[in-house]
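*Asks:* So here's start-v6.txt (compact mmCIF, C-alpha atoms and all ligand atoms).
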```txt
# COMPACT_ATOMS: atom_id res chain seq x y z
CA MET A 1 -15.27 32.61 92.47
CA ARG A 2 -14.51 35.98 94.01
CA ILE A 3 -14.09 38.32 91.07
CA GLY A 4 -13.01 41.96 91.01
CA ILE A 5 -14.35 43.95 88.04
CA VAL A 6 -12.76 47.24 87.03
CA CYS A 7 -14.39 49.42 84.36
CA TYR A 8 -15.43 52.93 83.43
CA PRO A 9 -18.71 53.52 85.26
CA THR A 10 -19.98 56.03 82.71
CA TYR A 11 -22.44 55.78 79.82
CA GLY A 12 -20.42 53.73 77.33
CA GLY A 13 -20.26 50.26 75.87
CA SER A 14 -17.33 48.90 77.88
CA GLY A 15 -18.82 49.94 81.24
CA VAL A 16 -22.25 48.62 80.27
CA LEU A 17 -20.81 45.29 79.16
CA ALA A 18 -18.65 44.96 82.30
CA THR A 19 -21.60 45.77 84.56
CA GLU A 20 -23.94 43.33 82.81
CA LEU A 21 -21.20 40.68 83.02
CA GLY A 22 -20.81 41.27 86.76
CA LYS A 23 -24.57 41.06 87.31
CA ALA A 24 -24.81 37.82 85.32
CA LEU A 25 -21.87 36.29 87.23
CA ALA A 26 -23.51 37.28 90.51
CA ASP A 27 -26.74 35.59 89.37
CA LYS A 28 -24.70 32.44 88.86
CA GLY A 29 -23.45 32.53 92.45
CA HIS A 30 -20.07 34.24 92.08
CA MET A 31 -19.11 37.06 94.43
CA VAL A 32 -18.55 40.15 92.32
CA HIS A 33 -16.69 43.25 93.52
CA PHE A 34 -16.92 46.35 91.32
CA ILE A 35 -13.99 48.73 91.76
CA THR A 36 -14.80 52.06 90.08
CA TYR A 37 -14.74 55.79 90.81
CA GLN A 38 -18.53 56.03 90.79
CA GLN A 39 -21.51 53.71 90.72
CA PRO A 40 -21.67 52.11 87.23
CA VAL A 41 -24.76 53.30 85.33
CA ARG A 42 -26.34 49.90 84.98
CA LEU A 43 -25.58 48.85 88.57
CA ASN A 44 -28.93 50.09 89.76
CA ALA A 45 -30.39 47.38 91.99
CA PHE A 46 -29.37 45.53 95.13
CA HIS A 47 -27.90 42.06 94.65
CA ALA A 48 -26.70 39.92 97.55
CA ASN A 49 -23.57 38.83 95.63
CA ILE A 50 -22.52 42.27 94.37
CA TYR A 51 -20.23 44.66 96.22
CA TYR A 52 -19.21 48.13 95.19
CA HIS A 53 -15.88 49.72 96.17
CA GLU A 54 -15.48 53.36 95.28
CA VAL A 55 -12.04 54.61 94.29
CA GLN A 56 -11.36 57.80 96.24
CA VAL A 57 -8.80 60.12 94.69
CA PRO A 58 -7.48 62.53 97.35
CA THR A 59 -6.49 65.89 95.91
CA TYR A 60 -3.67 68.19 96.97
CA PRO A 61 -2.86 71.70 95.66
CA LEU A 62 0.42 70.38 94.23
CA PHE A 63 -1.42 68.07 91.84
CA ASP A 64 -2.52 69.48 88.51
CA PHE A 65 -3.44 65.89 87.71
CA PRO A 66 -4.61 63.88 90.73
CA PRO A 67 -2.90 60.44 90.59
CA TYR A 68 -5.97 58.34 89.75
CA GLU A 69 -3.94 55.28 88.74
CA SER A 70 -2.23 55.12 92.14
CA ALA A 71 -5.57 55.43 93.90
CA LEU A 72 -7.06 52.71 91.71
CA SER A 73 -4.14 50.29 92.22
CA SER A 74 -4.25 50.89 95.97
CA THR A 75 -8.00 50.22 96.06
CA MET A 76 -7.46 47.05 94.04
CA VAL A 77 -4.83 45.92 96.58
CA ASP A 78 -7.19 46.66 99.45
CA VAL A 79 -10.09 44.74 97.87
CA ILE A 80 -7.90 41.79 96.78
CA LEU A 81 -6.54 41.36 100.31
CA ASN A 82 -9.63 42.08 102.36
CA GLN A 83 -12.21 40.42 100.13
CA LYS A 84 -9.88 37.54 99.21
CA LEU A 85 -10.37 37.95 95.47
CA ASP A 86 -9.43 35.05 93.21
CA LEU A 87 -8.91 37.23 90.16
CA LEU A 88 -9.34 40.67 88.61
CA HIS A 89 -11.10 41.31 85.32
CA VAL A 90 -10.34 44.75 83.91
CA HIS A 91 -12.30 46.30 81.06
CA TYR A 92 -10.67 48.85 78.74
CA ALA A 93 -6.88 48.64 78.72
CA ILE A 94 -6.13 52.25 79.67
CA PRO A 95 -5.28 52.61 82.52
CA HIS A 96 -6.91 49.51 83.95
CA ALA A 97 -4.42 46.93 82.69
CA SER A 98 -1.37 48.77 84.04
CA THR A 99 -3.04 49.47 87.39
CA ALA A 100 -3.96 45.78 87.67
CA TYR A 101 -0.35 44.85 86.90
CA MET A 102 0.81 47.17 89.70
CA ALA A 103 -1.73 45.73 92.17
CA LYS A 104 -0.69 42.20 91.22
CA GLN A 105 2.97 43.00 91.98
CA ILE A 106 2.10 44.57 95.33
CA VAL A 107 -0.01 41.66 96.60
CA ALA A 108 2.63 39.19 95.33
CA LYS A 109 5.03 40.71 97.89
CA GLN A 110 2.53 39.57 100.51
CA GLY A 111 2.39 36.05 99.10
CA ARG A 112 -0.91 36.44 97.20
CA VAL A 113 -1.09 35.34 93.59
CA VAL A 114 -3.95 37.13 91.84
CA PRO A 115 -4.15 36.93 88.06
CA PHE A 116 -5.78 39.58 85.93
CA ILE A 117 -7.71 39.37 82.70
CA THR A 118 -7.83 42.33 80.33
CA THR A 119 -10.75 42.82 77.96
CA LEU A 120 -10.06 45.15 75.05
CA HIS A 121 -13.13 47.09 73.97
CA GLY A 122 -12.22 49.31 71.04
CA THR A 123 -10.99 52.84 71.40
CA ASP A 124 -8.47 51.69 74.03
CA ILE A 125 -6.73 50.09 71.03
CA THR A 126 -7.87 51.91 67.91
CA LEU A 127 -7.74 55.53 69.09
CA VAL A 128 -6.25 56.22 72.50
CA GLY A 129 -3.98 53.20 72.87
CA LYS A 130 -2.23 53.79 69.56
CA ASP A 131 -1.17 57.26 70.66
CA LYS A 132 2.61 57.22 71.12
CA THR A 133 2.21 58.68 74.60
CA TYR A 134 0.39 55.61 75.87
CA ALA A 135 1.60 52.84 73.55
CA PRO A 136 4.55 51.50 75.63
CA VAL A 137 2.45 51.14 78.78
CA VAL A 138 -0.49 49.67 76.86
CA THR A 139 1.73 47.10 75.09
CA PHE A 140 3.50 46.12 78.29
CA SER A 141 0.37 45.77 80.40
CA ILE A 142 -1.56 43.81 77.76
CA ASN A 143 1.38 41.41 77.49
CA GLU A 144 1.54 41.06 81.28
CA SER A 145 -2.16 40.16 81.50
CA ASP A 146 -2.83 36.54 82.45
CA ALA A 147 -5.45 36.40 79.71
CA ILE A 148 -6.55 38.85 77.06
CA THR A 149 -9.91 39.03 75.36
CA ALA A 150 -11.24 41.20 72.55
CA VAL A 151 -14.91 41.78 71.77
CA SER A 152 -14.61 40.94 68.05
CA GLU A 153 -12.29 39.31 65.57
CA ASN A 154 -11.69 42.70 64.03
CA LEU A 155 -10.51 44.16 67.33
CA ARG A 156 -8.25 41.16 67.95
CA ASP A 157 -6.67 41.62 64.49
CA GLU A 158 -6.33 45.39 64.98
CA THR A 159 -4.57 44.78 68.30
CA TYR A 160 -2.06 42.41 66.73
CA LYS A 161 -1.50 44.93 63.92
CA SER A 162 -0.95 47.93 66.19
CA PHE A 163 0.97 46.45 69.13
CA GLN A 164 3.68 43.84 69.64
CA ILE A 165 1.48 41.34 71.44
CA GLU A 166 3.16 38.06 72.33
CA LYS A 167 0.14 36.30 73.78
CA GLU A 168 -3.06 34.78 72.51
CA ILE A 169 -6.05 37.11 72.39
CA SER A 170 -9.34 35.23 72.76
CA VAL A 171 -12.42 36.63 71.09
CA ILE A 172 -15.40 36.74 73.42
CA TYR A 173 -18.20 38.67 71.78
CA ASN A 174 -20.44 41.22 73.47
CA PHE A 175 -23.73 39.75 74.66
CA VAL A 176 -27.29 40.84 75.24
CA ASP A 177 -29.88 40.04 77.86
CA THR A 178 -32.65 39.03 75.47
CA GLN A 179 -35.21 39.01 78.24
CA ARG A 180 -34.65 42.65 78.97
CA PHE A 181 -34.26 43.61 75.32
CA SER A 182 -37.35 41.96 73.88
CA ARG A 183 -39.88 43.97 71.93
CA ARG A 184 -42.93 45.03 73.87
CA ASN A 185 -46.06 46.73 72.68
CA LEU A 186 -46.01 50.30 74.04
CA PRO A 187 -48.75 52.08 72.06
CA HIS A 188 -48.93 55.17 74.31
CA PHE A 189 -45.21 55.78 74.12
CA ARG A 190 -45.16 55.22 70.36
CA GLN A 191 -48.14 57.56 69.95
CA ALA A 192 -46.38 60.28 71.96
CA ILE A 193 -43.29 60.10 69.75
CA ALA A 194 -44.94 59.47 66.38
CA PRO A 195 -48.56 60.69 66.70
CA ASN A 196 -49.33 60.43 62.98
CA GLY A 197 -47.94 56.97 62.34
CA GLU A 198 -44.48 58.23 61.36
CA LYS A 199 -41.58 55.75 61.12
CA VAL A 200 -39.21 56.00 64.09
CA LEU A 201 -35.45 55.97 63.52
CA LEU A 202 -33.14 55.60 66.51
CA HIS A 203 -29.51 56.31 67.32
CA VAL A 204 -27.82 55.70 70.68
CA SER A 205 -24.29 56.81 71.50
CA ASN A 206 -22.02 59.15 73.40
CA PHE A 207 -22.02 61.64 70.46
CA ARG A 208 -18.28 61.45 69.96
CA LYS A 209 -16.60 62.07 66.58
CA VAL A 210 -16.06 58.34 66.05
CA LYS A 211 -19.87 57.83 66.01
CA ARG A 212 -20.44 60.24 63.07
CA VAL A 213 -23.80 61.40 64.45
CA PRO A 214 -24.08 64.13 61.75
CA ASP A 215 -24.30 61.21 59.29
CA VAL A 216 -27.29 59.90 61.25
CA VAL A 217 -28.99 63.26 60.71
CA LYS A 218 -28.14 63.27 56.98
CA ILE A 219 -29.55 59.74 56.56
CA PHE A 220 -32.66 60.75 58.47
CA LYS A 221 -33.18 63.82 56.27
CA GLN A 222 -33.34 61.60 53.17
CA VAL A 223 -35.72 59.16 54.87
CA ARG A 224 -37.96 62.02 56.02
CA ASP A 225 -38.04 63.42 52.49
CA ALA A 226 -39.37 60.03 51.35
CA MET A 227 -41.92 59.38 54.13
CA PRO A 228 -43.16 60.82 57.43
CA ALA A 229 -40.51 60.00 60.02
CA LYS A 230 -39.12 60.91 63.43
CA LEU A 231 -35.55 60.60 64.74
CA LEU A 232 -34.77 59.78 68.36
CA LEU A 233 -31.25 60.62 69.51
CA VAL A 234 -30.39 58.93 72.80
CA GLY A 235 -27.25 59.88 74.72
CA ASP A 236 -25.19 63.02 74.85
CA GLY A 237 -21.65 64.15 74.22
CA PRO A 238 -19.26 66.61 72.63
CA ASP A 239 -20.83 66.62 69.13
CA ARG A 240 -24.27 67.67 70.28
CA PRO A 241 -23.95 71.39 69.31
CA THR A 242 -22.80 70.39 65.80
CA ILE A 243 -25.71 67.98 65.47
CA GLU A 244 -28.23 70.61 66.61
CA CYS A 245 -26.81 73.11 64.10
CA LEU A 246 -27.11 70.58 61.29
CA CYS A 247 -30.74 69.84 62.18
CA ARG A 248 -31.47 73.60 62.00
CA GLU A 249 -29.65 73.95 58.67
CA LEU A 250 -31.64 71.06 57.22
CA GLY A 251 -34.92 72.39 58.66
CA ILE A 252 -35.81 69.15 60.41
CA CYS A 253 -35.71 70.17 64.08
CA GLU A 254 -39.38 69.44 64.71
CA ASP A 255 -38.85 65.80 63.75
CA VAL A 256 -35.65 65.22 65.73
CA ARG A 257 -35.82 64.59 69.46
CA PHE A 258 -32.81 64.61 71.75
CA VAL A 259 -33.93 62.44 74.63
CA GLY A 260 -30.69 62.45 76.65
CA LYS A 261 -29.17 59.53 78.49
CA GLN A 262 -31.92 56.96 78.99
CA GLU A 263 -31.97 54.17 81.56
CA GLN A 264 -34.99 52.47 79.98
CA LEU A 265 -33.33 51.83 76.64
CA GLU A 266 -35.45 48.73 76.07
CA ASP A 267 -38.60 50.89 75.91
CA VAL A 268 -37.07 53.25 73.36
CA MET A 269 -35.96 50.29 71.26
CA SER A 270 -39.44 48.76 71.48
CA ILE A 271 -41.02 51.72 69.68
CA SER A 272 -38.33 52.04 66.97
CA ASP A 273 -38.36 50.85 63.36
CA LEU A 274 -34.69 51.25 62.46
CA PHE A 275 -31.42 51.67 64.34
CA ILE A 276 -28.75 53.84 62.67
CA LEU A 277 -25.03 53.41 63.46
CA PRO A 278 -22.77 54.96 60.79
CA SER A 279 -19.59 54.94 62.96
CA GLU A 280 -16.08 55.63 61.72
CA TYR A 281 -15.04 52.61 63.78
CA GLU A 282 -16.93 50.22 66.01
CA SER A 283 -15.21 47.22 67.55
CA PHE A 284 -18.58 45.53 67.97
CA GLY A 285 -21.56 47.90 68.40
CA LEU A 286 -23.31 46.75 71.57
CA ALA A 287 -26.23 49.16 71.11
CA ALA A 288 -26.86 47.68 67.65
CA LEU A 289 -27.05 44.22 69.18
CA GLU A 290 -29.53 45.45 71.80
CA ALA A 291 -31.60 46.92 68.96
CA MET A 292 -31.53 43.60 67.08
CA ALA A 293 -32.74 41.78 70.18
CA SER A 294 -35.65 44.24 70.21
CA GLN A 295 -36.44 43.35 66.57
CA VAL A 296 -35.05 46.60 65.23
CA PRO A 297 -33.07 46.20 61.97
CA VAL A 298 -29.73 48.03 61.81
CA ILE A 299 -28.45 50.39 59.12
CA SER A 300 -24.75 50.77 59.82
CA SER A 301 -21.38 51.47 58.33
CA ASN A 302 -19.23 48.46 57.54
CA ALA A 303 -16.41 49.62 59.83
CA GLY A 304 -14.51 47.45 62.31
CA GLY A 305 -16.46 44.57 63.79
CA LEU A 306 -19.88 45.68 62.51
CA PRO A 307 -19.87 43.15 59.62
CA GLU A 308 -19.49 40.42 62.26
CA ILE A 309 -22.96 41.23 63.59
CA ASN A 310 -24.88 43.13 60.91
CA ILE A 311 -25.57 40.80 57.99
CA PRO A 312 -26.81 42.61 54.84
CA GLY A 313 -30.34 41.63 53.90
CA VAL A 314 -30.68 39.49 57.05
CA THR A 315 -30.35 41.83 60.04
CA GLY A 316 -30.16 45.18 58.23
CA TYR A 317 -27.86 46.83 55.70
CA MET A 318 -24.44 48.49 55.59
CA GLY A 319 -22.67 51.23 53.65
CA ASP A 320 -19.10 52.52 53.53
CA VAL A 321 -18.15 55.03 56.22
CA GLY A 322 -19.52 58.44 55.17
CA ASP A 323 -21.67 57.04 52.36
CA THR A 324 -24.91 58.42 53.75
CA ASP A 325 -26.66 58.12 50.36
CA THR A 326 -26.28 54.34 50.32
CA MET A 327 -27.32 53.96 53.96
CA ALA A 328 -30.35 56.22 53.36
CA LYS A 329 -31.30 54.28 50.20
CA HIS A 330 -31.25 51.02 52.19
CA ALA A 331 -33.27 52.57 55.01
CA ILE A 332 -35.95 53.86 52.64
CA HIS A 333 -36.13 50.58 50.71
CA LEU A 334 -36.53 48.61 53.95
CA LEU A 335 -39.15 50.93 55.45
CA GLN A 336 -41.20 50.97 52.24
CA ASP A 337 -41.39 47.20 51.87
CA GLU A 338 -43.50 45.81 54.74
CA ALA A 339 -42.76 42.15 53.90
CA LEU A 340 -39.01 42.75 53.72
CA LEU A 341 -39.12 44.77 56.94
CA ALA A 342 -40.90 41.93 58.75
CA ARG A 343 -38.32 39.42 57.47
CA VAL A 344 -35.35 41.56 58.47
CA ARG A 345 -36.86 42.28 61.88
CA HIS A 346 -37.05 38.55 62.46
CA GLY A 347 -33.52 38.06 61.09
CA ALA A 348 -32.23 40.71 63.50
CA TRP A 349 -33.94 39.00 66.41
CA GLU A 350 -32.51 35.61 65.39
CA GLN A 351 -29.02 37.04 65.10
CA ALA A 352 -29.29 38.49 68.62
CA GLN A 353 -29.97 34.99 69.98
CA ARG A 354 -26.45 33.98 68.85
CA PHE A 355 -25.11 36.57 71.30
CA HIS A 356 -27.46 35.52 74.09
CA ILE A 357 -26.05 36.23 77.53
CA ASP A 358 -26.33 32.50 78.40
CA ASN A 359 -24.00 31.60 75.50
CA ILE A 360 -21.32 34.15 76.35
CA ILE A 361 -21.06 34.14 80.17
CA PRO A 362 -19.82 30.50 80.26
CA GLN A 363 -17.00 31.54 77.93
CA TYR A 364 -15.78 34.06 80.51
CA GLU A 365 -16.20 31.52 83.32
CA ALA A 366 -14.19 28.93 81.38
CA LEU A 367 -11.44 31.50 80.81
CA TYR A 368 -11.35 32.35 84.54
CA GLU A 369 -11.05 28.63 85.43
CA GLN A 370 -8.24 28.20 82.93
CA VAL A 371 -6.36 31.24 84.24
CA LEU A 372 -6.68 30.02 87.83
CA GLN A 373 -5.47 26.54 86.87
CA ASN A 374 -2.40 28.05 85.16
CA GLN A 375 -1.27 29.79 88.39
O1 LIG B 401 -18.52 53.26 71.71
C1 LIG B 401 -17.99 53.96 72.56
O2 LIG B 401 -17.55 55.07 72.32
C2 LIG B 401 -17.88 53.44 73.95
C3 LIG B 401 -16.89 52.34 73.99
C4 LIG B 401 -16.44 52.06 75.39
O3 LIG B 401 -15.35 51.58 75.50
O4 LIG B 401 -17.12 52.32 76.36
O5 LIG B 401 -17.47 51.19 73.35
C5 LIG B 401 -16.62 50.20 72.85
O6 LIG B 401 -16.91 49.02 73.59
C6 LIG B 401 -18.20 48.44 73.35
C7 LIG B 401 -18.36 47.23 74.28
O7 LIG B 401 -17.42 46.26 74.01
C8 LIG B 401 -18.35 48.08 71.88
O8 LIG B 401 -19.60 47.48 71.65
C9 LIG B 401 -18.20 49.36 71.05
O9 LIG B 401 -18.26 49.02 69.68
C10 LIG B 401 -16.85 49.99 71.34
N1 LIG B 401 -16.76 51.30 70.66
C11 LIG B 401 -15.90 51.52 69.67
O10 LIG B 401 -15.15 50.68 69.21
C12 LIG B 401 -15.94 52.90 69.09
```
The structure in this file should be written as structure tokens.
*Replies:*
Amino acid sequence: MRIGIVCYPTYGGSGVLATELGKALADKGHMVHFITYQQPVRLNAFHANIYYHEVQVPTYPLFDFPPYESALSSTMVDVILNQKLDLLHVHYAIPHASTAYMAKQIVAKQGRVVPFITTLHGTDITLVGKDKTYAPVVTFSINESDAITAVSENLRDETYKSFQIEKEISVIYNFVDTQRFSRRNLPHFRQAIAPNGEKVLLHVSNFRKVKRVPDVVKIFKQVRDAMPAKLLLVGDGPDRPTIECLCRELGICEDVRFVGKQEQLEDVMSISDLFILPSEYESFGLAALEAMASQVPVISSNAGGLPEINIPGVTGYMGDVGDTDTMAKHAIHLLQDEALLARVRHGAWEQAQRFHIDNIIPQYEALYEQVLQNQ
């Protein structure tokens, strides 16, 4: 198939998932055309079946807000017509579903029928999409999609609760490339981070409010009071100054390392003992799944879709949102019991195999086939 993929190219779960999906589809022989405003972060190697079309947004002094949606729809039209796309798959509803709808209408005038599939990822529904300003367009464009998918049962249910959706939403879970995310022995790296045999706790995110990164720091403080430990914070974002202040207040700066946005996430995961994700909401928690594949147990909140992947006592433990005491207690208990830790590490790894890329990609392919047959 000739597939157009539209996503946010930045450091974030939906863009990562969309890019990994495109790469996997290309490996299976499909022609994949990424349509984004910059090179997606994980699109970092040449592939004969992958094409990249950059959305250019011309500016003009009249525009306080350059019309990105118009530029995106026009680029979609151009790629559909010139690359003879069979379908579009857009990730994150805002504004990708409405721009796909517009492109579909335009090419229809030229006799081309090109369906579009919308994948809902989380905040497009639970935070931004619900905002009254966007809700009518989001509802309309989701309903106009030829197929809709959500990355967890929780997100599907939240979507039905928040919007008047008249169509079926299929759940297709996030996936992980277990070859890439498999634990490797990296003694030099581990030694550099934890020179005295300290336990290594890890958090990866875009440091937005919804991630509750200050809770990660509070959990870490309790763990560090109980045993020698280091905290690695991967990513960056608006909450960073608050997090730095909290580390200073708690007097733990020398044991907390901000390592920025990392390409080689699999290496960081390979030297970690626990992954911490205390989010306010998480439709799925792709980074937690990547940690599990790397045999890193997960201490998380029980928000959103997290209970669909993090199984207490099997892959890690959970606590209520904001209950840092419970999450810290679980972390300490797990790190102090070597036998339990080994069992949970294995449980995490086993759970990740359920979400193996080879199990999930055929679900998207089957959906594409079905959508094309329905035209
Ligand atoms: O987590 C983020 O803030 C990034 C966000 C995105 O859309 O880029 O991630 C969402 O999509 C991921 C991939 O499907 C999910 O694994 C994340 O759980 C989800 N984030 C939230 O729901 C907060």
*Asks:* Which range 230-265 of chain A residues have any atom within 12 Å of an atom of range 25-41 of chain A, and for each, what is the nearest pair of atoms with distance in Å to one decimal, counting all atoms listed in the file, rows sorted by chain and number, as JSON lines?
*Replies:*
```
{"residue": "A:Lys261", "atom": "CA", "partner": "A:Val41", "partner_atom": "CA", "distance": 10.2}
{"residue": "A:Gln262", "atom": "CA", "partner": "A:Val41", "partner_atom": "CA", "distance": 10.2}
{"residue": "A:Glu263", "atom": "CA", "partner": "A:Val41", "partner_atom": "CA", "distance": 8.2}
{"residue": "A:Gln264", "atom": "CA", "partner": "A:Val41", "partner_atom": "CA", "distance": 11.6}
```
*Asks:* If you keep C-alpha atoms, can you produce a file of those selected residues as a PDB file, in the frame of the given file?
*Replies:*
```pdb
ATOM      1  CA  LYS A 261     -29.170  59.530  78.490  1.00  0.00           C
ATOM      2  CA  GLN A 262     -31.920  56.960  78.990  1.00  0.00           C
ATOM      3  CA  GLU A 263     -31.970  54.170  81.560  1.00  0.00           C
ATOM      4  CA  GLN A 264     -34.990  52.470  79.980  1.00  0.00           C
TER       5      GLN A 264
END
```
*Asks:* For CA of His333 in chain A and CA of Lys221 in chain A, determine how far apart the two atoms are, in Å to one decimal place.
*Replies:* 14.7 Å
*Asks:* Pick from A:Val79, A:Leu233, A:Cys253, A:Val128: nearest to ligand LIG 401 (chain B), with all atoms listed in the file counted?
*Replies:*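 Nearest to ligand LIG 401 (chain B): A:Val128.
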*Asks:* For a test of reading the model, state the distance in Å between CA of His53 in chain A and CA of Thr118 in chain A, rounded to one decimal.
*Replies:*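 Result for CA of His53 in chain A versus CA of Thr118 in chain A: 19.2 Å, one decimal.
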*Asks:* Taking all atoms listed in the file into account, which residues have an atom no farther than 9 Å from ligand LIG 401 (chain B)? I'd like them as a PDB file with C-alpha atoms, in the coordinates of the input.
*Replies:*
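In the end it all went to selection_25.pdb:
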```pdb
ATOM      1  CA  CYS A   7     -14.390  49.420  84.360  1.00  0.00           C
ATOM      2  CA  TYR A   8     -15.430  52.930  83.430  1.00  0.00           C
ATOM      3  CA  THR A  10     -19.980  56.030  82.710  1.00  0.00           C
ATOM      4  CA  TYR A  11     -22.440  55.780  79.820  1.00  0.00           C
ATOM      5  CA  GLY A  12     -20.420  53.730  77.330  1.00  0.00           C
ATOM      6  CA  GLY A  13     -20.260  50.260  75.870  1.00  0.00           C
ATOM      7  CA  SER A  14     -17.330  48.900  77.880  1.00  0.00           C
ATOM      8  CA  GLY A  15     -18.820  49.940  81.240  1.00  0.00           C
ATOM      9  CA  VAL A  16     -22.250  48.620  80.270  1.00  0.00           C
ATOM     10  CA  LEU A  17     -20.810  45.290  79.160  1.00  0.00           C
ATOM     11  CA  ALA A  18     -18.650  44.960  82.300  1.00  0.00           C
ATOM     12  CA  HIS A  91     -12.300  46.300  81.060  1.00  0.00           C
ATOM     13  CA  TYR A  92     -10.670  48.850  78.740  1.00  0.00           C
ATOM     14  CA  THR A 119     -10.750  42.820  77.960  1.00  0.00           C
ATOM     15  CA  LEU A 120     -10.060  45.150  75.050  1.00  0.00           C
ATOM     16  CA  HIS A 121     -13.130  47.090  73.970  1.00  0.00           C
ATOM     17  CA  GLY A 122     -12.220  49.310  71.040  1.00  0.00           C
ATOM     18  CA  THR A 123     -10.990  52.840  71.400  1.00  0.00           C
ATOM     19  CA  ASP A 124      -8.470  51.690  74.030  1.00  0.00           C
ATOM     20  CA  ILE A 125      -6.730  50.090  71.030  1.00  0.00           C
ATOM     21  CA  THR A 126      -7.870  51.910  67.910  1.00  0.00           C
ATOM     22  CA  LEU A 127      -7.740  55.530  69.090  1.00  0.00           C
ATOM     23  CA  ALA A 150     -11.240  41.200  72.550  1.00  0.00           C
ATOM     24  CA  VAL A 151     -14.910  41.780  71.770  1.00  0.00           C
ATOM     25  CA  SER A 152     -14.610  40.940  68.050  1.00  0.00           C
ATOM     26  CA  LEU A 155     -10.510  44.160  67.330  1.00  0.00           C
ATOM     27  CA  TYR A 173     -18.200  38.670  71.780  1.00  0.00           C
ATOM     28  CA  ASN A 174     -20.440  41.220  73.470  1.00  0.00           C
ATOM     29  CA  SER A 205     -24.290  56.810  71.500  1.00  0.00           C
ATOM     30  CA  ASN A 206     -22.020  59.150  73.400  1.00  0.00           C
ATOM     31  CA  PHE A 207     -22.020  61.640  70.460  1.00  0.00           C
ATOM     32  CA  ARG A 208     -18.280  61.450  69.960  1.00  0.00           C
ATOM     33  CA  VAL A 210     -16.060  58.340  66.050  1.00  0.00           C
ATOM     34  CA  LYS A 211     -19.870  57.830  66.010  1.00  0.00           C
ATOM     35  CA  SER A 279     -19.590  54.940  62.960  1.00  0.00           C
ATOM     36  CA  GLU A 280     -16.080  55.630  61.720  1.00  0.00           C
ATOM     37  CA  TYR A 281     -15.040  52.610  63.780  1.00  0.00           C
ATOM     38  CA  GLU A 282     -16.930  50.220  66.010  1.00  0.00           C
ATOM     39  CA  SER A 283     -15.210  47.220  67.550  1.00  0.00           C
ATOM     40  CA  PHE A 284     -18.580  45.530  67.970  1.00  0.00           C
ATOM     41  CA  GLY A 285     -21.560  47.900  68.400  1.00  0.00           C
ATOM     42  CA  LEU A 286     -23.310  46.750  71.570  1.00  0.00           C
ATOM     43  CA  ALA A 287     -26.230  49.160  71.110  1.00  0.00           C
ATOM     44  CA  ALA A 288     -26.860  47.680  67.650  1.00  0.00           C
ATOM     45  CA  LEU A 289     -27.050  44.220  69.180  1.00  0.00           C
ATOM     46  CA  GLY A 304     -14.510  47.450  62.310  1.00  0.00           C
ATOM     47  CA  GLY A 305     -16.460  44.570  63.790  1.00  0.00           C
ATOM     48  CA  LEU A 306     -19.880  45.680  62.510  1.00  0.00           C
TER      49      LEU A 306
END
```
*Asks:* What's the 6 Å shell around Ile3 in chain A, counting all atoms listed in the file, without same-chain residues fewer than 4 positions away, as a ChimeraX atom specification?
*Replies:* /A:32,85,87-88
*Asks:* Could you tell me which of A:Asp64, A:Asp146, A:Asp131, A:Asp267 comes closest to Ile94 in chain A if we count all atoms listed in the file?
*Replies:*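 The answer is A:Asp131, which sits nearest to Ile94 in chain A.
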*Asks:* Report, in Å to a single decimal, how far apart CA of Ser294 in chain A and CA of Asp325 in chain A are.
*Replies:*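 Computed distance, CA of Asp325 in chain A to CA of Ser294 in chain A, equals 25.8 Å.
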*Asks:* Between A:Ser301, A:Ser74, A:Gln370, A:Gln363, which one has atoms that come closest to Ile172 in chain A, using only C-alpha atoms?
*Replies:*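 Among the listed residues, the smallest separation from Ile172 in chain A belongs to A:Gln363.
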*Asks:* For a quick check of understanding, using all atoms listed in the file, which of A:Glu308, A:Arg183, A:Ala226, A:Arg354 has the smallest distance to Ser272 in chain A?
*Replies:* A:Arg183
*Asks:* So, counting all atoms listed in the file, which residue among A:Ile309, A:Val213, A:Leu21, A:Ala342 is closest to Glu153 in chain A?
*Replies:*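 That would be A:Ile309, the residue with the smallest distance to Glu153 in chain A.
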*Asks:* Taking (-28.8, 50.8, 65.6) in the file's coordinates, which residues come within 9 Å, counting all atoms listed in the file, written as a list in words?
*Replies:*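 The residues near that point, listed by chain and number, are Leu201, Leu202, His203, Val204, Leu274, Phe275, Ile276, Leu277, Pro278, Gly285, Ala287, Ala288, Leu289, Glu290, Ala291, Met292, Val296, Pro297, Val298, Ile299 and Ser300 of chain A.
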*Asks:* Please produce a file of the residues just selected, as a tab-separated table (two decimals), in the coordinates of the input, where the atoms kept are C-alpha atoms.
*Replies:*
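Here's the written file result32.tsv:
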```tsv
chain	number	residue	atom	x	y	z
A	201	LEU	CA	-35.45	55.97	63.52
A	202	LEU	CA	-33.14	55.60	66.51
A	203	HIS	CA	-29.51	56.31	67.32
A	204	VAL	CA	-27.82	55.70	70.68
A	274	LEU	CA	-34.69	51.25	62.46
A	275	PHE	CA	-31.42	51.67	64.34
A	276	ILE	CA	-28.75	53.84	62.67
A	277	LEU	CA	-25.03	53.41	63.46
A	278	PRO	CA	-22.77	54.96	60.79
A	285	GLY	CA	-21.56	47.90	68.40
A	287	ALA	CA	-26.23	49.16	71.11
A	288	ALA	CA	-26.86	47.68	67.65
A	289	LEU	CA	-27.05	44.22	69.18
A	290	GLU	CA	-29.53	45.45	71.80
A	291	ALA	CA	-31.60	46.92	68.96
A	292	MET	CA	-31.53	43.60	67.08
A	296	VAL	CA	-35.05	46.60	65.23
A	297	PRO	CA	-33.07	46.20	61.97
A	298	VAL	CA	-29.73	48.03	61.81
A	299	ILE	CA	-28.45	50.39	59.12
A	300	SER	CA	-24.75	50.77	59.82
```
